[in-house]
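Before any comments, here is the structure.
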Amino acid sequence: MTRTFRAACAVAIMVSGLGSLGCVHTGTGGARAARDDGHGPIGDRWRNAADPCYPERYNHAARQAVLAPFGQQVHNGHVLNQTLYNWYFEFGTDKLTPAALEKLDSIARTRPAPDGKLFLQTARDLPANTDPAKIAETRADLDAKRATAIQKYMASQPATTPVAYEILVHDPRVPGIASEFGAGAYRNSAQGYSGNLGGGGSTGATSTGGGAGNITSGPGTGGGAGTTGGGARP
């Protein structure tokens, strides 16, 4: 065994031993414990020279940075799903509509258990003849009556474990999507897939081969990038 090979083996054994020190050590005291749990002179020098938690520590931070926005998005969607909007009540009143009853029934049947925090859109459907000086007072009064109506209906729900519902008033933006996007996608689906949801023609992706193909049903137009529709669509 050559001297170089023996030195390489010694270095490999030492590095593998230092890597086994891990990220967290509690220590129990005493010289023997210091040697056993990695807090001895060798372990301290290793921690001063390198991060024994690499790359786990940084992978965790990067993972959380990526997932946190999705968690907020999920929470926002849940809040909107738990919201009763103005159209769930008869105009300017606290009377629940049949759609509101179905919505509340759906919430009460949530498995494994319903969320006891409900949200109510503040009243924006006040009568046109409301005194401008009393709009805030009238809105607050109607919000309170609607919250009471929701509480009474949810209290009548059959449940093996009663749920104490809390009503929070907020003023969310109504979620939705412009109908033109869906209509344009539906019209274009009959002519083939397209990356453009609008009504006009668009330029397709550049081909990686000798020429550019067409991503719709027709042939490409020229040796460059193909077109997605060959022209304007209705």
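Ordered as shown in the structure tokens, chains take letters A, B, and onward, while each chain numbers its residues from 1 and ligands are numbered from 1 in the order shown.
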
Exercise: segment 106-108 of chain A partners within 9 Å, only C-alpha atoms, chain neighbours under 6 positions left out, as a list of chain:residue names: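 Neighbouring residues, sequence-local ones excluded: A:Asn81, A:Gln82, A:Pro114, A:Asp115, A:Gly116, A:Met154, A:Gln157, A:Pro158, A:Ala159, A:Val163.
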
Among the residues A:Tyr54, A:Tyr153, A:Trp87, A:Tyr165, the one that comes closest to Asp105 of chain A [using only C-alpha atoms]: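 Among the listed residues, A:Tyr153 lies closest to Asp105 of chain A.
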
So what do you get for atom CA of Pro112 of chain A versus atom CA of Pro162 of chain A, distance-wise?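 Spanning atom CA of Pro112 of chain A to atom CA of Pro162 of chain A is a straight-line distance of 13.4 Å.
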
Among segment 74-198 of chain A, which ones does DSSP assign to strand (DSSP E or B) (computed from the backbone)? Answer as a list in words.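 Matching residues, listed in order: Thr83, Leu84, Phe89, Leu96, Lys117, Leu118, Phe119, Leu120, Gln121, Glu166, Ile167, Leu168, Val169 and His170 of chain A.
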
Dump of C-alpha atoms for the selected residues, as a PDB file, in the first residue's frame:
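Listed below is the output, again_13.pdb:
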ATOM      1  CA  THR A  83     -67.982  33.516   2.416  1.00  0.00           C
ATOM      2  CA  LEU A  84     -71.665  34.305   1.966  1.00  0.00           C
ATOM      3  CA  PHE A  89     -79.833  37.200   0.668  1.00  0.00           C
ATOM      4  CA  LEU A  96     -81.597  33.751   3.199  1.00  0.00           C
ATOM      5  CA  LYS A 117     -65.269  30.308  10.985  1.00  0.00           C
ATOM      6  CA  LEU A 118     -67.687  31.742   8.404  1.00  0.00           C
ATOM      7  CA  PHE A 119     -67.352  34.998   6.512  1.00  0.00           C
ATOM      8  CA  LEU A 120     -70.030  37.467   5.455  1.00  0.00           C
ATOM      9  CA  GLN A 121     -69.656  40.060   2.733  1.00  0.00           C
ATOM     10  CA  GLU A 166     -68.207  32.490  14.265  1.00  0.00           C
ATOM     11  CA  ILE A 167     -69.277  35.076  11.675  1.00  0.00           C
ATOM     12  CA  LEU A 168     -66.686  37.566  10.446  1.00  0.00           C
ATOM     13  CA  VAL A 169     -67.650  40.460   8.190  1.00  0.00           C
ATOM     14  CA  HIS A 170     -65.304  41.473   5.379  1.00  0.00           C
TER      15      HIS A 170
END

Residues near Arg146 of chain A, cut-off 8 Å, only C-alpha atoms, skip fewer than 2 positions along chain, as number ranges by chain: A: 93-95, 142-144, 148-150

What does the file look like for those residues with N, CA and C atoms, as a JSON list (two decimals), in the first residue's frame?
[["chain", "number", "residue", "atom", "x", "y", "z"],
["A", 93, "THR", "N", -82.34, 42.77, 2.54],
["A", 93, "THR", "CA", -82.93, 42.14, 3.71],
["A", 93, "THR", "C", -81.96, 41.11, 4.28],
["A", 94, "ASP", "N", -82.37, 40.49, 5.40],
["A", 94, "ASP", "CA", -81.57, 39.43, 6.01],
["A", 94, "ASP", "C", -82.16, 38.05, 5.75],
["A", 95, "LYS", "N", -83.04, 37.95, 4.76],
["A", 95, "LYS", "CA", -83.68, 36.67, 4.46],
["A", 95, "LYS", "C", -82.78, 35.84, 3.54],
["A", 142, "LEU", "N", -77.65, 45.92, 8.99],
["A", 142, "LEU", "CA", -78.01, 44.80, 8.10],
["A", 142, "LEU", "C", -76.98, 43.67, 8.21],
["A", 143, "ASP", "N", -75.71, 44.01, 8.36],
["A", 143, "ASP", "CA", -74.69, 42.98, 8.54],
["A", 143, "ASP", "C", -74.96, 42.16, 9.80],
["A", 144, "ALA", "N", -75.35, 42.84, 10.88],
["A", 144, "ALA", "CA", -75.62, 42.14, 12.14],
["A", 144, "ALA", "C", -76.83, 41.22, 11.99],
["A", 148, "THR", "N", -76.89, 37.08, 12.24],
["A", 148, "THR", "CA", -77.80, 36.38, 13.15],
["A", 148, "THR", "C", -78.60, 35.32, 12.39],
["A", 149, "ALA", "N", -79.04, 35.65, 11.18],
["A", 149, "ALA", "CA", -79.79, 34.69, 10.37],
["A", 149, "ALA", "C", -78.94, 33.46, 10.05],
["A", 150, "ILE", "N", -77.67, 33.68, 9.76],
["A", 150, "ILE", "CA", -76.76, 32.56, 9.48],
["A", 150, "ILE", "C", -76.57, 31.71, 10.73]]

d(atom CA of Gly92 of chain A, atom CA of Thr122 of chain A) in Å: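 These atoms are spaced 11.5 Å apart.
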
So the first atom is atom CA of His60 of chain A and the second is atom CA of Gln72 of chain A; what is the distance between them in Å, to one decimal place?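 Spanning atom CA of His60 of chain A to atom CA of Gln72 of chain A is a straight-line distance of 18.2 Å.
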